[in-house]
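**Q** One structure, pasted below without further comment.
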Amino acid sequence: MKNQKETIRRMVGYLNNEEKDGGFWLPNIQRPFVWKEEQTERLFDSILREYPISTLLVWKTKSSIKRRKFIQNYKKKQKLSDFYVLEDSKIKMLVLDGQQRLQSLFIGLKGSYEGKELYLDILSGDLTQPDDIRYQFKFMEKEKVKFPWIKFKDIVFSNGEYDEISERLIDKSGTDLTKEQQRRVRRNVSKIIRIFTSDETLIYQELDSVDNEEAYTEDDVVEIFIRANSGGTVLGKSDLLFSLLSASWSESDEKMEELLEDLNNTGYKFNRDFVLKACLSLLDKGAAYNVSKFRDETTREAISNKWDDIANAIKDVKDFLYGKTFLRSDKALTSYLGLIPVIYFRYHFKNQWNSIKKLDEYILRTLLTGAFSGSPDTVIDRCIDAIKKSRDFNVGDLFDTIRRSGRNLQIDEETILELAYGSKNIHLIFNLWYKDFSYHPAFVNNQPQVDHIFPQSALKTIKNIDPNSGRKVLAYRAEDRDQIANCMLLTQQENGSGGKSATLPEEWFEGKSDNYLKMHLIPRDKNLWKLENYPEFLEERKKLILNNFKDLIY
């Protein structure tokens, strides 16, 4: 391993460019670029302040490793597969550690972020605290830019002398700059030219498998990649395990991307972590993550060879959720892991899949009680063992298995009445309650909204006298205002501009049809709609809610 140095300007020119040792690229074991605009802007501030930005790790190789380009014009909805490069046996440099930094530099100096280019306030640079911003960088739209904001790449890639660049900026400022401001422009331009084009600011460690093929095998490089990334927050454990799978299965990234797109196109949020855990469970390797499982060549081969069957099993269960239950949104699907035993049964006993009884009850009860929350690997494994032994998806037996694992499956009155505004499970209940609402409309701003029946602003006006202090205090605290008995689901149109807003119930419900009141489980006694009768309203509505869910309670 040897250390190399390079200027930022030259390094950015090597990305996606074969000029330097075949060019610098990203291996597909790297996860997507995840930095936000602010993180990239802060990186440029750090560099201009001459803060160290850590050493990069690069692999020089001839191996036919699947790789992709760095993204020049970044957009959040881009597919990684759009940047894949054909495999070859030519010399190339693959970045193992430092993707986020290099990708940020490439976007800022060569491209754009969501159509916006990087600008610098050329008059910034006042001394600040170490954790504050000193040099003001910002991604901006061209038509909104005016002095002192200067397109940063124009300075870095200018071939003029720093004094020529400075005078040109001063002349084009369109304003009479003070002598101090002119000095600031000259100092900043001089510093930019030095740090980005003259000083060898970037340091990278090179793993050379070209001149010394025995030094670093592909297995060595994967291990180095894992160790380089596992010490920080760059990758999660599923990313590290997926890197092992990607090393031996070149299509893994593309296949995973396609599956997640299919699973999430109706509003769910399945992720790579879930899919990998499902793979292990379906192959009888146990749900727990373990690096040794993915180092095992037979496991990796089994996942790649059986991928289509695994993916179809997961998609079938997703289709059941969307088509046969009312859990059609990530908001309602509070946990995904309880689906793994269901997917296991679909994968191993496909012919019996359509004959499962009470599957909706299994899903609803485990979700409401959080049976697979926390660390559920043992529960998942025990459920799978029960399925293997009985060769059936017997919901009663599985409930017994879950209880023996120390998990509670009881839904009582408190389970429902303790749900509150802002809690995720309230959407699960509302999906069951409001079966005709679309929880995933085409336009996200049209999603149904949880609303307070008695507006918070009105309830906060009611105060009592504290007998101890003699001061006025709120009669209804947050937990009194936010409870499910004071919540209803409204469409965006009902709750938007000109809608219910802070309207009191005695006005909002006046003239509403019986079907409307029935749908929202509203007591018919209009006296209960008055603000002064809020406690009585809550008691009557609780009765209606519990009666609505009586089949779930025991």
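Identifiers in this document derive from the order of the structure tokens: chains are assigned A, B, ..., residues are numbered from 1 separately in each chain, and ligands are numbered from 1 in order of occurrence.
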Could you produce a table of the residues of range 54-151 of chain A lying within 6 Å of range 9-30 of chain A, with the nearest pair of atoms per residue and their separation in Å rounded to one decimal, using only C-alpha atoms, ordered by chain and increasing residue number, as JSON lines?

**A**
{"residue": "A:Arg67", "atom": "CA", "partner": "A:Pro27", "partner_atom": "CA", "distance": 4.2}
{"residue": "A:Arg68", "atom": "CA", "partner": "A:Leu26", "partner_atom": "CA", "distance": 5.3}
{"residue": "A:Lys69", "atom": "CA", "partner": "A:Trp25", "partner_atom": "CA", "distance": 5.6}
{"residue": "A:Ile91", "atom": "CA", "partner": "A:Gly22", "partner_atom": "CA", "distance": 5.3}
{"residue": "A:Lys92", "atom": "CA", "partner": "A:Gly22", "partner_atom": "CA", "distance": 4.4}
{"residue": "A:Met93", "atom": "CA", "partner": "A:Phe24", "partner_atom": "CA", "distance": 4.7}
{"residue": "A:Leu94", "atom": "CA", "partner": "A:Trp25", "partner_atom": "CA", "distance": 5.0}
{"residue": "A:Val95", "atom": "CA", "partner": "A:Leu26", "partner_atom": "CA", "distance": 5.4}
{"residue": "A:Phe106", "atom": "CA", "partner": "A:Val12", "partner_atom": "CA", "distance": 5.8}

**Q** Need the shell around range 532-535 of chain A: protein/DNA/RNA residues with any atom at most 10 Å away, counting only C-alpha atoms. Skip same-chain ones fewer than 5 positions apart. Format as a list of chain:residue names?

**A**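 Once the adjacent positions are removed, what remains is A:Phe454, A:Leu459, A:Ile462, A:Tyr476, A:Asp480, A:Arg481, A:Asn486, A:Asn527, A:Glu540.
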
**Q** Can you tell me which residues surround Ser335 in chain A at a distance of at most 9 Å, considering only C-alpha atoms, apart from same-chain residues fewer than 6 positions away, and format the answer as a PyMOL selection string?

**A** chain A and resi 366-367+370+372-373

**Q** I need the residue nearest Gly511 in chain A from this list: A:Arg42, A:Phe549, A:Asp284, A:Arg524. Use only C-alpha atoms for the distance.

**A**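 Nearest candidate to Gly511 in chain A out of A:Arg42, A:Phe549, A:Asp284, A:Arg524: A:Arg524.
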
**Q** So how many Å separate CA of Asn425 in chain A and CA of Val34 in chain A, to one decimal?

**A**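 Separation of CA of Asn425 in chain A and CA of Val34 in chain A: 28.8 Å.
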
**Q** Select, from A:Tyr336, A:Tyr289, A:Tyr322, A:Trp353, the residue with the minimum atom-to-atom distance to Thr378 in chain A, counting only C-alpha atoms.

**A**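 Looking at the shortest contact to Thr378 in chain A, the residue is A:Tyr289.
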
**Q** Restricting the calculation to only C-alpha atoms, which member of A:Lys285, A:Lys460, A:Lys293, A:Arg31 is positioned closest to Ile384 in chain A?

**A**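 Closest to Ile384 in chain A of all the choices is A:Lys285.
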
**Q** For Phe44 in chain A, which of A:Leu169, A:Ile192, A:Leu417, A:Leu321 is the closest residue, counting only C-alpha atoms?

**A** A:Ile192
